[in-house]
Amino acid sequence: MGVSKEEISKTIIELEKSFNERWSAGDNRGYLDAFADEVSYFDPILKNMVVGRDGAIAWIDSIYSDPHIVRSEYLNPQVHVSDSGDFAVLAYNLNTYVLDADGKEEQLRAWNATHGYRLMDDQWRIVHSNWAFSETVTDKIAS
């Protein structure tokens with residue numbers, strides 16, 4: 001029986017969305033709990049890559065605050081699945097929105113996201129995470 005790359009792609013996208021929705025609502029544990037022990041992590045305010053689950057979690061916990069994101073747009077998702085079906089790379093653009101002082105939506109961030117997922121003990125784990133601004137900013141922020 002062959003690997004269903006389409007089903008794996010759907011699973012990866014749904015996992016990512018569920019992690020992101022938790023993050024947006026003030027719960028960063030979705031992503032953090034999905035990190036593999038050997039995860040490598042980049043974000044736009046880090047000078048160097050963080051390697052290892054404990055280090056990545058410590059970094060994110062040090063900068064995370066509830067972003068109060070009210071809506072996210074997942075654009076151009078692409079999932080590349082290995083022939084063996086145990087590794088996938090997800091890349092997409094993410095636009096996040098918050099409410100302004102008048103209660104109207106305004107864009108908070110535009111991201112380029114790339115994540116490598118590996119199937120480990122029947123669970124998809126993030127082995128590489130890369131977040132990049134699709135627009136240049138200078139403030140150190142996590143959401």
# chains A, B, ... in the order shown; residues from 1 in each chain; ligands from 1

$ residues_around --residues "segment 80-82 of chain A" --least-positions-apart "5" --cutoff "8 Å" --atoms "only C-alpha atoms" --output "list of chain:residue names"
A:Lys5, A:Ile8, A:Ser9, A:Phe87, A:Ala88, A:Val89, A:Leu90

$ closest_atom_pairs --of "segment 22-68 of chain A" --to "segment 107-116 of chain A" --cutoff "12 Å" --atoms "only C-alpha atoms" --output "JSON lines"
{"residue": "A:Ser24", "atom": "CA", "partner": "A:Leu108", "partner_atom": "CA", "distance": 11.3}
{"residue": "A:Tyr31", "atom": "CA", "partner": "A:His115", "partner_atom": "CA", "distance": 10.8}
{"residue": "A:Ala34", "atom": "CA", "partner": "A:His115", "partner_atom": "CA", "distance": 11.3}
{"residue": "A:Phe35", "atom": "CA", "partner": "A:Gly116", "partner_atom": "CA", "distance": 10.2}
{"residue": "A:Ala36", "atom": "CA", "partner": "A:Gly116", "partner_atom": "CA", "distance": 10.4}
{"residue": "A:Glu38", "atom": "CA", "partner": "A:Gly116", "partner_atom": "CA", "distance": 11.8}
{"residue": "A:Val39", "atom": "CA", "partner": "A:Gly116", "partner_atom": "CA", "distance": 9.2}
{"residue": "A:Ser40", "atom": "CA", "partner": "A:Gly116", "partner_atom": "CA", "distance": 9.5}
{"residue": "A:Tyr41", "atom": "CA", "partner": "A:His115", "partner_atom": "CA", "distance": 9.3}
{"residue": "A:Phe42", "atom": "CA", "partner": "A:Thr114", "partner_atom": "CA", "distance": 9.8}
{"residue": "A:Asp43", "atom": "CA", "partner": "A:Ala113", "partner_atom": "CA", "distance": 9.5}
{"residue": "A:Pro44", "atom": "CA", "partner": "A:Trp111", "partner_atom": "CA", "distance": 9.9}
{"residue": "A:Pro67", "atom": "CA", "partner": "A:Leu108", "partner_atom": "CA", "distance": 9.1}
{"residue": "A:His68", "atom": "CA", "partner": "A:Leu108", "partner_atom": "CA", "distance": 10.0}

$ write_last_selection --atoms "N, CA and C atoms" --output "mmCIF file, in the first residue's frame"
data_model
loop_
_atom_site.group_PDB
_atom_site.id
_atom_site.type_symbol
_atom_site.label_atom_id
_atom_site.label_comp_id
_atom_site.auth_asym_id
_atom_site.auth_seq_id
_atom_site.Cartn_x
_atom_site.Cartn_y
_atom_site.Cartn_z
ATOM 1 N N SER A 24 -2.576 32.152 18.567
ATOM 2 C CA SER A 24 -3.315 33.399 18.398
ATOM 3 C C SER A 24 -4.229 33.698 19.570
ATOM 4 N N TYR A 31 2.516 24.666 19.384
ATOM 5 C CA TYR A 31 3.803 24.572 18.689
ATOM 6 C C TYR A 31 4.863 23.930 19.577
ATOM 7 N N ALA A 34 4.773 20.299 20.040
ATOM 8 C CA ALA A 34 5.012 19.551 18.801
ATOM 9 C C ALA A 34 6.490 19.517 18.405
ATOM 10 N N PHE A 35 7.324 20.297 19.074
ATOM 11 C CA PHE A 35 8.747 20.296 18.738
ATOM 12 C C PHE A 35 9.381 18.954 19.073
ATOM 13 N N ALA A 36 10.181 18.452 18.149
ATOM 14 C CA ALA A 36 10.993 17.258 18.403
ATOM 15 C C ALA A 36 12.169 17.659 19.294
ATOM 16 N N GLU A 38 15.239 17.342 18.810
ATOM 17 C CA GLU A 38 16.353 17.904 18.042
ATOM 18 C C GLU A 38 15.940 19.070 17.141
ATOM 19 N N VAL A 39 14.801 19.709 17.421
ATOM 20 C CA VAL A 39 14.310 20.791 16.575
ATOM 21 C C VAL A 39 15.382 21.866 16.376
ATOM 22 N N SER A 40 15.397 22.416 15.178
ATOM 23 C CA SER A 40 16.186 23.616 14.898
ATOM 24 C C SER A 40 15.189 24.734 14.635
ATOM 25 N N TYR A 41 15.489 25.931 15.148
ATOM 26 C CA TYR A 41 14.506 27.012 15.153
ATOM 27 C C TYR A 41 15.153 28.333 14.759
ATOM 28 N N PHE A 42 14.529 29.008 13.787
ATOM 29 C CA PHE A 42 14.919 30.356 13.373
ATOM 30 C C PHE A 42 13.725 31.278 13.538
ATOM 31 N N ASP A 43 13.963 32.482 13.985
ATOM 32 C CA ASP A 43 12.948 33.515 13.836
ATOM 33 C C ASP A 43 13.665 34.818 13.508
ATOM 34 N N PRO A 44 12.932 35.836 13.058
ATOM 35 C CA PRO A 44 13.589 37.027 12.516
ATOM 36 C C PRO A 44 14.289 37.912 13.535
ATOM 37 N N PRO A 67 -0.994 37.474 21.762
ATOM 38 C CA PRO A 67 -1.077 38.459 20.689
ATOM 39 C C PRO A 67 -2.498 38.939 20.382
ATOM 40 N N HIS A 68 -3.514 38.266 20.911
ATOM 41 C CA HIS A 68 -4.914 38.643 20.672
ATOM 42 C C HIS A 68 -5.243 38.704 19.178
#

$ closest_residue --among "A:Thr11, A:Asn48, A:Asn76, A:Asn28" --to "Leu119 of chain A" --atoms "only C-alpha atoms"
A:Thr11

$ select_by_dssp --residues "chain A" --states "alpha helix (DSSP H)" --output "PyMOL selection string"
chain A and resi 5-24+29-34+53-63

$ select_by_dssp --residues "segment 29-128 of chain A" --states "strand (DSSP E or B)" --output "MDAnalysis selection string"
chainID A and resid 35:42 50:51 71:81 87:99 105:120 123:128

$ closest_residue --among "A:Ile69, A:Val79, A:Val127, A:Met120" --to "Asp100 of chain A" --atoms "only C-alpha atoms"
A:Ile69

$ residues_around --residues "Asp37 of chain A" --least-positions-apart "5" --cutoff "12 Å" --atoms "only C-alpha atoms" --output "list in words"
Leu32, Val50, Val51, Gly52, Arg53, Asp54, Gly55, Ala56, Ile57, Arg118, Met120, Arg125, Ile126, Val127 and His128 of chain A

$ write_last_selection --atoms "N, CA and C atoms" --output "PDB file, in the first residue's frame"
ATOM      1  N   LEU A  32       4.972  24.413  20.793  1.00  0.00           N
ATOM      2  CA  LEU A  32       6.059  23.963  21.655  1.00  0.00           C
ATOM      3  C   LEU A  32       5.966  22.475  21.963  1.00  0.00           C
ATOM      4  N   VAL A  50      18.526  28.363  17.032  1.00  0.00           N
ATOM      5  CA  VAL A  50      18.471  27.630  18.290  1.00  0.00           C
ATOM      6  C   VAL A  50      18.293  26.157  17.939  1.00  0.00           C
ATOM      7  N   VAL A  51      19.091  25.298  18.544  1.00  0.00           N
ATOM      8  CA  VAL A  51      18.988  23.862  18.295  1.00  0.00           C
ATOM      9  C   VAL A  51      18.621  23.176  19.602  1.00  0.00           C
ATOM     10  N   GLY A  52      17.599  22.358  19.539  1.00  0.00           N
ATOM     11  CA  GLY A  52      17.147  21.608  20.698  1.00  0.00           C
ATOM     12  C   GLY A  52      15.840  22.148  21.247  1.00  0.00           C
ATOM     13  N   ARG A  53      14.990  21.226  21.639  1.00  0.00           N
ATOM     14  CA  ARG A  53      13.649  21.557  22.122  1.00  0.00           C
ATOM     15  C   ARG A  53      13.690  22.493  23.332  1.00  0.00           C
ATOM     16  N   ASP A  54      14.512  22.185  24.307  1.00  0.00           N
ATOM     17  CA  ASP A  54      14.565  23.005  25.519  1.00  0.00           C
ATOM     18  C   ASP A  54      14.962  24.442  25.214  1.00  0.00           C
ATOM     19  N   GLY A  55      15.965  24.619  24.355  1.00  0.00           N
ATOM     20  CA  GLY A  55      16.404  25.964  23.999  1.00  0.00           C
ATOM     21  C   GLY A  55      15.355  26.733  23.218  1.00  0.00           C
ATOM     22  N   ALA A  56      14.697  26.060  22.282  1.00  0.00           N
ATOM     23  CA  ALA A  56      13.655  26.723  21.491  1.00  0.00           C
ATOM     24  C   ALA A  56      12.488  27.138  22.377  1.00  0.00           C
ATOM     25  N   ILE A  57      12.082  26.249  23.279  1.00  0.00           N
ATOM     26  CA  ILE A  57      10.980  26.571  24.184  1.00  0.00           C
ATOM     27  C   ILE A  57      11.357  27.725  25.109  1.00  0.00           C
ATOM     28  N   ARG A 118       8.434  15.533  10.919  1.00  0.00           N
ATOM     29  CA  ARG A 118       8.834  14.125  10.824  1.00  0.00           C
ATOM     30  C   ARG A 118       7.837  13.292  11.624  1.00  0.00           C
ATOM     31  N   MET A 120       7.124  10.569  14.016  1.00  0.00           N
ATOM     32  CA  MET A 120       7.899   9.905  15.059  1.00  0.00           C
ATOM     33  C   MET A 120       6.916   9.251  16.027  1.00  0.00           C
ATOM     34  N   ARG A 125       6.000  15.496  14.348  1.00  0.00           N
ATOM     35  CA  ARG A 125       6.782  16.401  15.181  1.00  0.00           C
ATOM     36  C   ARG A 125       7.494  17.418  14.297  1.00  0.00           C
ATOM     37  N   ILE A 126       7.619  18.632  14.801  1.00  0.00           N
ATOM     38  CA  ILE A 126       8.343  19.677  14.074  1.00  0.00           C
ATOM     39  C   ILE A 126       9.833  19.495  14.354  1.00  0.00           C
ATOM     40  N   VAL A 127      10.603  19.270  13.282  1.00  0.00           N
ATOM     41  CA  VAL A 127      12.049  19.112  13.431  1.00  0.00           C
ATOM     42  C   VAL A 127      12.807  20.361  12.977  1.00  0.00           C
ATOM     43  N   HIS A 128      12.119  21.225  12.235  1.00  0.00           N
ATOM     44  CA  HIS A 128      12.710  22.507  11.859  1.00  0.00           C
ATOM     45  C   HIS A 128      11.591  23.526  11.729  1.00  0.00           C
TER      46      HIS A 128
END

$ residues_around --residues "Val3 of chain A" --least-positions-apart "4" --cutoff "8 Å" --atoms "only C-alpha atoms" --output "MDAnalysis selection string"
chainID A and resid 83:85

$ atom_distance --atom1 "atom CA of Ile63 of chain A" --atom2 "atom CA of Asp27 of chain A"
13.2 Å

$ closest_residue --among "A:Ala58, A:Ala91, A:Met49, A:Val98" --to "Tyr117 of chain A" --atoms "only C-alpha atoms"
A:Ala91

$ residues_around --residues "Ala25 of chain A" --least-positions-apart "5" --cutoff "12 Å" --atoms "only C-alpha atoms" --output "MDAnalysis selection string"
chainID A and resid 18:20 30 64:72 96:98 143

$ closest_residue --among "A:Trp23, A:Trp124, A:Trp59, A:Tyr92" --to "Leu46 of chain A" --atoms "only C-alpha atoms"
A:Trp59

$ decode --residues "segment 44-84 of chain A" --atoms "C-alpha atoms" --output "compact mmCIF listing (two decimals), in the first residue's frame"
# COMPACT_ATOMS: atom_id res chain seq x y z
CA PRO A 44 13.59 37.03 12.52
CA ILE A 45 14.80 38.49 15.80
CA LEU A 46 17.33 35.77 16.54
CA LYS A 47 20.89 36.25 15.41
CA ASN A 48 21.60 32.51 15.46
CA MET A 49 19.60 29.35 15.09
CA VAL A 50 18.47 27.63 18.29
CA VAL A 51 18.99 23.86 18.30
CA GLY A 52 17.15 21.61 20.70
CA ARG A 53 13.65 21.56 22.12
CA ASP A 54 14.56 23.00 25.52
CA GLY A 55 16.40 25.96 24.00
CA ALA A 56 13.65 26.72 21.49
CA ILE A 57 10.98 26.57 24.18
CA ALA A 58 13.01 28.79 26.53
CA TRP A 59 13.49 31.36 23.77
CA ILE A 60 9.84 31.45 22.74
CA ASP A 61 8.64 31.55 26.35
CA SER A 62 10.96 34.52 26.97
CA ILE A 63 9.34 36.66 24.25
CA TYR A 64 5.79 35.34 23.98
CA SER A 65 2.76 37.32 25.09
CA ASP A 66 -0.85 36.79 24.11
CA PRO A 67 -1.08 38.46 20.69
CA HIS A 68 -4.91 38.64 20.67
CA ILE A 69 -5.02 37.67 17.00
CA VAL A 70 -8.61 37.66 15.80
CA ARG A 71 -8.06 36.30 12.30
CA SER A 72 -5.35 34.57 10.32
CA GLU A 73 -5.01 34.08 6.58
CA TYR A 74 -3.13 30.99 5.41
CA LEU A 75 -1.92 31.73 1.91
CA ASN A 76 -0.15 29.59 -0.67
CA PRO A 77 0.38 26.49 1.47
CA GLN A 78 2.72 23.96 -0.09
CA VAL A 79 3.53 20.60 1.46
CA HIS A 80 6.30 18.42 0.10
CA VAL A 81 6.06 14.84 1.35
CA SER A 82 8.86 12.29 1.18
CA ASP A 83 8.25 9.12 -0.81
CA SER A 84 8.38 7.14 2.43
